[in-house]
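Dumped target.tsv below, it's TSV, C-alpha atoms and all ligand atoms:
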chain	number	residue	atom	x	y	z
G	1	MET	CA	-316.86	-4.69	72.41
G	2	LYS	CA	-317.34	-8.17	71.04
G	3	LYS	CA	-318.99	-6.84	67.90
G	4	GLN	CA	-316.12	-4.49	67.36
G	5	ILE	CA	-313.59	-7.27	67.56
G	6	LEU	CA	-315.53	-9.37	65.11
G	7	ALA	CA	-315.88	-6.45	62.71
G	8	LEU	CA	-312.13	-5.88	62.81
G	9	PHE	CA	-311.54	-9.55	62.36
G	10	MET	CA	-313.85	-9.73	59.33
G	11	ALA	CA	-312.18	-6.70	57.78
G	12	ALA	CA	-308.81	-8.40	58.12
G	13	VAL	CA	-310.16	-11.59	56.61
G	14	MET	CA	-311.69	-9.75	53.69
G	15	ALA	CA	-308.56	-7.73	53.04
G	16	GLY	CA	-306.59	-10.97	53.06
G	17	SER	CA	-308.79	-12.73	50.53
G	18	LEU	CA	-309.03	-9.69	48.24
G	19	THR	CA	-305.27	-9.52	47.99
G	20	ALA	CA	-305.17	-13.22	47.34
G	21	CYS	CA	-307.57	-13.13	44.35
G	22	GLY	CA	-306.20	-9.89	42.95
G	23	SER	CA	-302.64	-10.93	42.41
G	24	SER	CA	-302.75	-13.93	40.07
G	25	GLY	CA	-305.07	-12.27	37.56
G	26	ALA	CA	-303.04	-9.08	37.49
G	27	ASP	CA	-299.76	-10.96	37.01
G	28	ALA	CA	-301.14	-12.99	34.15
G	29	THR	CA	-302.50	-9.88	32.46
G	30	THR	CA	-299.18	-8.09	32.71
G	31	ALA	CA	-297.26	-11.09	31.45
G	32	ALA	CA	-299.54	-11.56	28.44
G	33	ALA	CA	-299.53	-7.88	27.61
G	34	THR	CA	-295.74	-7.77	27.80
G	35	GLU	CA	-295.49	-10.82	25.58
G	36	ALA	CA	-297.83	-9.32	22.99
G	37	ALA	CA	-295.93	-6.05	23.04
G	38	THR	CA	-292.51	-7.64	22.60
G	39	THR	CA	-293.68	-9.94	19.81
G	40	GLY	CA	-295.11	-6.95	17.96
G	41	GLY	CA	-298.84	-7.79	18.36
G	42	ASP	CA	-301.26	-4.87	18.07
G	43	ALA	CA	-303.21	-3.44	20.94
G	44	ALA	CA	-306.37	-5.43	20.32
G	45	GLU	CA	-304.45	-8.68	20.17
G	46	ALA	CA	-302.63	-7.85	23.36
G	47	ALA	CA	-305.92	-7.17	25.08
G	48	THR	CA	-307.42	-10.47	23.94
G	49	THR	CA	-304.37	-12.44	24.94
G	50	ALA	CA	-304.33	-10.75	28.30
G	51	ALA	CA	-308.01	-11.48	28.85
G	52	ASP	CA	-307.54	-15.13	27.85
G	53	ALA	CA	-304.55	-15.55	30.08
G	54	ASP	CA	-306.40	-13.91	32.91
G	55	GLN	CA	-309.34	-16.26	32.45
G	56	GLU	CA	-307.10	-19.30	32.16
G	57	SER	CA	-305.08	-18.48	35.22
G	58	LYS	CA	-308.25	-17.98	37.23
G	59	GLU	CA	-309.50	-21.42	36.22
G	60	GLU	CA	-306.19	-23.03	37.03
G	61	THR	CA	-306.05	-21.36	40.40
G	62	THR	CA	-309.60	-22.42	41.20
G	63	ALA	CA	-308.92	-26.04	40.19
G	64	ALA	CA	-305.74	-26.21	42.24
G	65	GLU	CA	-307.34	-24.52	45.20
G	66	SER	CA	-310.38	-26.75	45.34
G	67	LYS	CA	-308.19	-29.82	44.99
G	68	ALA	CA	-306.13	-28.67	47.94
G	69	ALA	CA	-309.24	-27.74	49.85
G	70	ASP	CA	-310.96	-31.08	49.26
G	71	SER	CA	-308.83	-33.11	51.58
G	72	GLY	CA	-305.41	-31.54	51.59
G	73	THR	CA	-303.94	-34.03	49.17
G	74	ALA	CA	-302.79	-31.67	46.42
G	75	GLY	CA	-299.49	-33.11	45.23
G	76	GLY	CA	-299.23	-35.38	48.25
G	77	VAL	CA	-298.55	-32.38	50.43
G	78	LEU	CA	-300.27	-31.10	53.56
G	79	VAL	CA	-299.67	-27.36	53.77
G	80	MET	CA	-299.53	-26.06	57.34
G	81	ALA	CA	-299.85	-22.34	57.92
G	82	THR	CA	-298.22	-21.19	61.12
G	83	ASN	CA	-296.41	-18.29	62.75
G	84	ALA	CA	-293.08	-19.61	63.99
G	85	GLU	CA	-292.62	-17.04	66.75
G	86	PHE	CA	-294.25	-19.09	69.44
G	87	PRO	CA	-291.94	-21.43	71.34
G	88	PRO	CA	-292.34	-24.26	72.27
G	89	TYR	CA	-295.16	-24.78	69.73
G	90	GLU	CA	-293.38	-23.39	66.65
G	91	TYR	CA	-290.11	-21.51	66.44
G	92	HIS	CA	-286.93	-21.20	64.43
G	93	ASP	CA	-284.03	-23.35	65.49
G	94	GLY	CA	-281.07	-22.80	63.22
G	95	GLY	CA	-282.50	-22.91	59.73
G	96	GLU	CA	-285.41	-25.09	60.76
G	97	ILE	CA	-288.91	-24.58	62.09
G	98	VAL	CA	-289.50	-26.95	65.00
G	99	GLY	CA	-291.87	-27.38	67.92
G	100	ILE	CA	-294.89	-29.25	69.25
G	101	ASP	CA	-297.27	-28.19	66.46
G	102	VAL	CA	-294.70	-29.06	63.79
G	103	GLU	CA	-294.29	-32.55	65.19
G	104	VAL	CA	-298.01	-33.12	65.76
G	105	ALA	CA	-298.84	-31.92	62.24
G	106	GLY	CA	-295.97	-34.02	60.88
G	107	ALA	CA	-297.35	-37.13	62.60
G	108	ILE	CA	-300.85	-36.40	61.25
G	109	ALA	CA	-299.49	-35.88	57.72
G	110	GLU	CA	-297.58	-39.14	57.98
G	111	LYS	CA	-300.73	-41.02	58.95
G	112	MET	CA	-302.44	-39.47	55.93
G	113	GLY	CA	-299.55	-40.47	53.66
G	114	LEU	CA	-298.68	-36.82	52.97
G	115	THR	CA	-295.58	-34.69	53.28
G	116	LEU	CA	-295.87	-31.72	55.62
G	117	GLU	CA	-295.01	-28.35	54.12
G	118	ILE	CA	-294.73	-25.37	56.49
G	119	GLU	CA	-295.75	-21.87	55.56
G	120	ASP	CA	-294.50	-19.33	58.10
G	121	ILE	CA	-296.72	-16.24	57.95
G	122	ALA	CA	-298.16	-13.53	60.21
G	123	PHE	CA	-300.47	-14.99	62.85
G	124	ASP	CA	-303.44	-12.95	61.67
G	125	SER	CA	-302.95	-14.20	58.08
G	126	ILE	CA	-303.44	-17.85	58.98
G	127	ILE	CA	-307.26	-17.86	58.82
G	128	PRO	CA	-307.38	-15.94	55.48
G	129	GLU	CA	-304.80	-18.42	54.13
G	130	LEU	CA	-307.12	-21.30	55.00
G	131	GLN	CA	-310.15	-19.53	53.57
G	132	SER	CA	-308.42	-18.90	50.24
G	133	GLY	CA	-307.34	-22.56	50.08
G	134	LYS	CA	-303.63	-21.73	49.97
G	135	ALA	CA	-303.00	-23.69	53.16
G	136	ASP	CA	-304.75	-26.87	54.29
G	137	ILE	CA	-304.32	-26.59	58.05
G	138	GLY	CA	-303.56	-23.88	60.58
G	139	ALA	CA	-301.41	-25.24	63.41
G	140	ALA	CA	-300.18	-22.36	65.52
G	141	GLY	CA	-301.10	-22.83	69.15
G	142	MET	CA	-304.44	-21.57	67.94
G	143	THR	CA	-307.14	-21.16	70.53
G	144	VAL	CA	-310.65	-22.30	69.67
G	145	SER	CA	-313.00	-19.32	69.95
G	146	GLU	CA	-316.59	-18.55	69.00
G	147	ASP	CA	-315.51	-15.77	66.67
G	148	ARG	CA	-312.97	-17.92	64.86
G	149	LEU	CA	-315.53	-20.70	64.47
G	150	LYS	CA	-317.49	-18.33	62.22
G	151	ASN	CA	-314.57	-18.37	59.77
G	152	VAL	CA	-312.90	-21.78	60.13
G	153	ASP	CA	-313.57	-25.23	61.55
G	154	PHE	CA	-311.46	-26.64	64.38
G	155	SER	CA	-310.29	-30.19	65.03
G	156	ASP	CA	-310.63	-31.82	68.41
G	157	THR	CA	-308.42	-30.01	70.89
G	158	TYR	CA	-304.92	-31.30	71.57
G	159	THR	CA	-303.86	-29.26	74.56
G	160	THR	CA	-304.98	-26.73	77.17
G	161	ALA	CA	-303.35	-23.36	77.68
G	162	SER	CA	-303.91	-20.02	79.39
G	163	GLN	CA	-303.15	-16.34	78.99
G	164	VAL	CA	-300.76	-14.95	81.57
G	165	ILE	CA	-299.27	-11.58	82.41
G	166	ILE	CA	-295.50	-10.95	82.19
G	167	VAL	CA	-294.11	-7.95	84.09
G	168	LYS	CA	-290.74	-6.67	85.26
G	169	GLU	CA	-289.70	-8.14	88.59
G	170	ASP	CA	-290.07	-4.76	90.33
G	171	SER	CA	-293.44	-3.94	88.71
G	172	ASP	CA	-296.35	-2.59	90.76
G	173	ILE	CA	-298.68	-4.80	88.70
G	174	ALA	CA	-299.53	-7.77	90.91
G	175	GLY	CA	-302.62	-9.14	89.19
G	176	PRO	CA	-305.15	-8.62	86.38
G	177	ASP	CA	-306.91	-5.69	88.10
G	178	ASP	CA	-303.68	-3.69	88.12
G	179	LEU	CA	-303.63	-3.70	84.29
G	180	ALA	CA	-306.15	-0.83	84.31
G	181	GLY	CA	-304.54	2.33	82.97
G	182	LYS	CA	-301.33	0.55	81.94
G	183	ILE	CA	-299.64	0.02	78.58
G	184	ILE	CA	-300.12	-3.63	77.64
G	185	GLY	CA	-298.21	-5.40	74.86
G	186	VAL	CA	-299.65	-8.32	72.89
G	187	GLN	CA	-299.10	-10.23	69.66
G	188	LEU	CA	-301.46	-8.83	67.02
G	189	GLY	CA	-304.63	-10.84	66.45
G	190	THR	CA	-304.13	-13.31	69.28
G	191	THR	CA	-306.51	-14.10	72.10
G	192	GLY	CA	-304.09	-12.14	74.29
G	193	ASP	CA	-304.85	-9.14	72.06
G	194	ILE	CA	-308.60	-9.70	72.34
G	195	TYR	CA	-308.45	-10.18	76.11
G	196	ALA	CA	-306.14	-7.23	76.79
G	197	SER	CA	-308.32	-5.02	74.59
G	198	ASP	CA	-311.05	-5.27	77.23
G	199	TYR	CA	-308.83	-3.09	79.41
G	200	GLU	CA	-309.06	-0.22	76.92
G	201	ALA	CA	-312.37	0.64	78.56
G	202	GLU	CA	-310.40	1.06	81.79
G	203	GLY	CA	-307.92	3.50	80.33
G	204	SER	CA	-305.25	1.01	79.28
G	205	THR	CA	-303.34	1.32	76.01
G	206	ILE	CA	-302.72	-1.77	73.90
G	207	GLU	CA	-299.51	-2.05	71.87
G	208	ARG	CA	-299.81	-4.73	69.20
G	209	TYR	CA	-296.62	-6.40	67.94
G	210	ASN	CA	-296.06	-8.83	65.07
G	211	LYS	CA	-294.14	-11.17	67.36
G	212	GLY	CA	-294.76	-11.94	71.02
G	213	PHE	CA	-291.06	-11.62	71.71
G	214	GLU	CA	-291.07	-8.03	70.40
G	215	ALA	CA	-293.61	-7.18	73.10
G	216	VAL	CA	-291.36	-8.73	75.75
G	217	GLN	CA	-288.37	-6.74	74.46
G	218	ALA	CA	-290.38	-3.51	74.54
G	219	MET	CA	-291.26	-4.21	78.16
G	220	ILE	CA	-287.65	-4.90	79.09
G	221	GLN	CA	-286.77	-1.55	77.46
G	222	GLY	CA	-289.43	0.12	79.61
G	223	LYS	CA	-291.66	1.13	76.70
G	224	ILE	CA	-294.66	-0.84	77.99
G	225	ASP	CA	-295.77	-2.09	81.41
G	226	ALA	CA	-296.91	-5.67	80.83
G	227	VAL	CA	-297.30	-8.39	78.22
G	228	VAL	CA	-300.33	-10.67	77.90
G	229	ILE	CA	-299.45	-13.92	76.15
G	230	ASP	CA	-299.93	-17.70	76.28
G	231	VAL	CA	-298.30	-19.40	79.25
G	232	GLU	CA	-295.77	-21.69	77.54
G	233	PRO	CA	-294.21	-19.00	75.29
G	234	ALA	CA	-294.26	-16.75	78.36
G	235	LYS	CA	-292.17	-19.31	80.28
G	236	VAL	CA	-289.68	-19.53	77.41
G	237	PHE	CA	-289.33	-15.74	77.11
G	238	VAL	CA	-288.94	-15.33	80.89
G	239	SER	CA	-286.30	-18.07	81.00
G	240	GLN	CA	-284.33	-16.28	78.28
G	241	ASN	CA	-284.35	-12.86	79.95
G	242	GLU	CA	-283.28	-11.47	83.31
G	243	GLY	CA	-285.54	-9.38	85.51
G	244	ILE	CA	-288.98	-10.39	84.29
G	245	LYS	CA	-291.59	-12.72	85.77
G	246	ILE	CA	-294.99	-14.31	85.15
G	247	LEU	CA	-297.79	-13.38	87.55
G	248	ASP	CA	-299.44	-16.32	89.33
G	249	GLU	CA	-302.98	-15.51	88.35
G	250	ALA	CA	-303.84	-16.68	84.82
G	251	LEU	CA	-306.33	-14.62	82.84
G	252	THR	CA	-308.05	-17.35	80.83
G	253	VAL	CA	-308.15	-21.05	80.19
G	254	GLU	CA	-308.06	-21.92	76.49
G	255	GLU	CA	-307.83	-24.94	74.24
G	256	TYR	CA	-305.65	-25.31	71.17
G	257	ALA	CA	-306.83	-27.06	68.03
G	258	ILE	CA	-305.98	-27.34	64.35
G	259	ALA	CA	-307.98	-25.10	62.01
G	260	VAL	CA	-309.19	-26.01	58.51
G	261	LYS	CA	-311.24	-24.23	55.86
G	262	LYS	CA	-314.87	-24.02	56.91
G	263	GLY	CA	-316.83	-27.00	55.64
G	264	ASN	CA	-313.80	-29.20	54.87
G	265	THR	CA	-315.20	-32.10	56.89
G	266	GLU	CA	-313.25	-34.69	54.91
G	267	LEU	CA	-309.93	-33.25	56.05
G	268	LEU	CA	-311.26	-32.54	59.54
G	269	ASP	CA	-312.32	-36.17	59.98
G	270	GLN	CA	-308.90	-37.39	58.88
G	271	ILE	CA	-307.18	-35.01	61.31
G	272	ASN	CA	-309.44	-36.05	64.18
G	273	GLY	CA	-308.86	-39.71	63.40
G	274	ALA	CA	-305.10	-39.20	63.40
G	275	LEU	CA	-305.25	-37.11	66.59
G	276	ALA	CA	-307.26	-39.84	68.35
G	277	GLU	CA	-304.59	-42.37	67.41
G	278	LEU	CA	-301.80	-40.08	68.59
G	279	LYS	CA	-303.60	-39.57	71.90
G	280	ALA	CA	-304.29	-43.30	72.40
G	281	SER	CA	-300.73	-44.36	71.57
G	282	GLY	CA	-299.20	-41.78	73.91
G	283	GLU	CA	-297.35	-40.21	70.99
G	284	LEU	CA	-299.04	-36.82	71.46
G	285	GLN	CA	-298.02	-36.69	75.12
G	286	ALA	CA	-294.49	-37.76	74.21
G	287	ILE	CA	-294.21	-34.86	71.75
G	288	ILE	CA	-295.48	-32.40	74.37
G	289	ASP	CA	-293.12	-33.79	77.01
G	290	LYS	CA	-290.18	-33.42	74.65
G	291	TYR	CA	-290.73	-29.64	74.58
G	292	ILE	CA	-292.34	-28.91	77.96
G	293	SER	CA	-290.79	-30.29	81.11
G	294	ALA	CA	-293.30	-31.16	83.83
G	295	GLU	CA	-293.30	-28.90	86.86
X	301	LIG	N1	-303.32	-18.95	71.52
X	301	LIG	C1	-303.30	-17.63	71.00
X	301	LIG	C2	-304.36	-17.46	69.94
X	301	LIG	O1	-304.85	-18.41	69.42
X	301	LIG	C3	-301.95	-17.22	70.46
X	301	LIG	C4	-301.43	-18.06	69.36
X	301	LIG	C5	-300.19	-17.46	68.70
X	301	LIG	N2	-299.55	-18.43	67.89
X	301	LIG	C6	-298.45	-18.23	67.12
X	301	LIG	N3	-297.98	-19.24	66.47
X	301	LIG	N4	-297.88	-17.07	67.09
X	301	LIG	O2	-304.71	-16.37	69.58
Can you give me the file's structure in the form of structure tokens?
Amino acid sequence: MKKQILALFMAAVMAGSLTACGSSGADATTAAATEAATTGGDAAEAATTAADADQESKEETTAAESKAADSGTAGGVLVMATNAEFPPYEYHDGGEIVGIDVEVAGAIAEKMGLTLEIEDIAFDSIIPELQSGKADIGAAGMTVSEDRLKNVDFSDTYTTASQVIIVKEDSDIAGPDDLAGKIIGVQLGTTGDIYASDYEAEGSTIERYNKGFEAVQAMIQGKIDAVVIDVEPAKVFVSQNEGIKILDEALTVEEYAIAVKKGNTELLDQINGALAELKASGELQAIIDKYISAE
């Protein structure tokens, strides 16, 4: 089971990085070829120009990427990859992306003298984005896991979370054991996905959605029986919808941390230093309290 998950994970990572390298070279080639054609150059010339441009663009990309990867200081910007479908950690509010992770990353960037830039992408694209150097940090309510540690490095943790089960109020599912044989909805590539997938061996079907909220909607519409998701987003989704509830028994205890490209210790040290300051000053807790009211 574990191996299978890792294999899938690696395949996704590889697909992500292949796409990333493929595009810039191809674009440059097309552009150069078009230029040569329109300016009346012959075929051989066009080919040379295209090859040169391809080579050049690769070098430029590599230089820019390694600069960004060194410490995240490319152009004074700290690029944060996230998936803003995860309230209260990151979500859309009007035209803006807000939430705990946005504010924590913003405070870290400020301490580093950088401007935070947010890249809102699919959750399972965040790790490939770090690996290709297109983003400096992944801040997305991301749980530290053994498998992920093979592909990225994590900062010190900044909060604890858990996976919970959401069901309809009149559901016959009362706890984790009742998930056997049911249709379970999750957000693709999350720890909820990995955890729920264990139930496939017990005859359950897993429906994987791009957004956690889509899974909740599918359940409200009666298409699936339960949703496995992180506790704080679960509370938000339940508060926004009638007739659904969170089961008392949590499935896991997890820790969230910020991910960086594997081996980028310079950036990791700066993040950990900033996080330590935010913890000591009470600023981190204040940010969390702003979005999560104590029970
Ligand atoms: N904690 C879970 C994980 O790391 C879910 C995170 C989903 N985050 C998001 N921004 N959509 O897999």
Taking all atoms listed in the file into account, which residues have an atom no farther than 10 Å from ligand LIG 301 (chain X)? I'd like them as an mmCIF file with C-alpha atoms, in the coordinates of the input.
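Saved to result.cif:
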data_model
loop_
_atom_site.group_PDB
_atom_site.id
_atom_site.type_symbol
_atom_site.label_atom_id
_atom_site.label_comp_id
_atom_site.auth_asym_id
_atom_site.auth_seq_id
_atom_site.Cartn_x
_atom_site.Cartn_y
_atom_site.Cartn_z
ATOM 1 C CA ALA G 81 -299.850 -22.340 57.920
ATOM 2 C CA THR G 82 -298.220 -21.190 61.120
ATOM 3 C CA ASN G 83 -296.410 -18.290 62.750
ATOM 4 C CA ALA G 84 -293.080 -19.610 63.990
ATOM 5 C CA GLU G 85 -292.620 -17.040 66.750
ATOM 6 C CA PHE G 86 -294.250 -19.090 69.440
ATOM 7 C CA PRO G 87 -291.940 -21.430 71.340
ATOM 8 C CA PRO G 88 -292.340 -24.260 72.270
ATOM 9 C CA TYR G 89 -295.160 -24.780 69.730
ATOM 10 C CA GLU G 90 -293.380 -23.390 66.650
ATOM 11 C CA TYR G 91 -290.110 -21.510 66.440
ATOM 12 C CA ASP G 101 -297.270 -28.190 66.460
ATOM 13 C CA ASP G 120 -294.500 -19.330 58.100
ATOM 14 C CA ILE G 121 -296.720 -16.240 57.950
ATOM 15 C CA ALA G 122 -298.160 -13.530 60.210
ATOM 16 C CA PHE G 123 -300.470 -14.990 62.850
ATOM 17 C CA ASP G 124 -303.440 -12.950 61.670
ATOM 18 C CA ILE G 126 -303.440 -17.850 58.980
ATOM 19 C CA GLY G 138 -303.560 -23.880 60.580
ATOM 20 C CA ALA G 139 -301.410 -25.240 63.410
ATOM 21 C CA ALA G 140 -300.180 -22.360 65.520
ATOM 22 C CA GLY G 141 -301.100 -22.830 69.150
ATOM 23 C CA MET G 142 -304.440 -21.570 67.940
ATOM 24 C CA THR G 143 -307.140 -21.160 70.530
ATOM 25 C CA VAL G 144 -310.650 -22.300 69.670
ATOM 26 C CA SER G 145 -313.000 -19.320 69.950
ATOM 27 C CA ARG G 148 -312.970 -17.920 64.860
ATOM 28 C CA THR G 160 -304.980 -26.730 77.170
ATOM 29 C CA ALA G 161 -303.350 -23.360 77.680
ATOM 30 C CA SER G 162 -303.910 -20.020 79.390
ATOM 31 C CA GLN G 163 -303.150 -16.340 78.990
ATOM 32 C CA VAL G 186 -299.650 -8.320 72.890
ATOM 33 C CA GLN G 187 -299.100 -10.230 69.660
ATOM 34 C CA LEU G 188 -301.460 -8.830 67.020
ATOM 35 C CA GLY G 189 -304.630 -10.840 66.450
ATOM 36 C CA THR G 190 -304.130 -13.310 69.280
ATOM 37 C CA THR G 191 -306.510 -14.100 72.100
ATOM 38 C CA GLY G 192 -304.090 -12.140 74.290
ATOM 39 C CA ASP G 193 -304.850 -9.140 72.060
ATOM 40 C CA ILE G 194 -308.600 -9.700 72.340
ATOM 41 C CA TYR G 195 -308.450 -10.180 76.110
ATOM 42 C CA ASN G 210 -296.060 -8.830 65.070
ATOM 43 C CA LYS G 211 -294.140 -11.170 67.360
ATOM 44 C CA GLY G 212 -294.760 -11.940 71.020
ATOM 45 C CA PHE G 213 -291.060 -11.620 71.710
ATOM 46 C CA ILE G 229 -299.450 -13.920 76.150
ATOM 47 C CA ASP G 230 -299.930 -17.700 76.280
ATOM 48 C CA VAL G 231 -298.300 -19.400 79.250
ATOM 49 C CA PRO G 233 -294.210 -19.000 75.290
ATOM 50 C CA GLU G 254 -308.060 -21.920 76.490
ATOM 51 C CA GLU G 255 -307.830 -24.940 74.240
ATOM 52 C CA TYR G 256 -305.650 -25.310 71.170
ATOM 53 C CA ALA G 257 -306.830 -27.060 68.030
#
Pick from G:Ile127, G:Ala215, G:Ala226, G:Val102 nearest to Lys150 in chain G, counting all atoms listed in the file: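 Of the candidates, the smallest distance to Lys150 in chain G is held by G:Ile127.
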8 Å contact set for Gln131 in chain G, only C-alpha atoms, chain neighbours under 6 positions out, as a list in words: Ser17, Asn151, Val152, Lys261 and Lys262 of chain G
Ala107 in chain G environment, 10 Å, only C-alpha atoms, sequence neighbours closer than 5 positions dropped, as a VMD selection string: chain G and resid 101 to 102 112 to 116 274 to 275 278 283 to 284 287
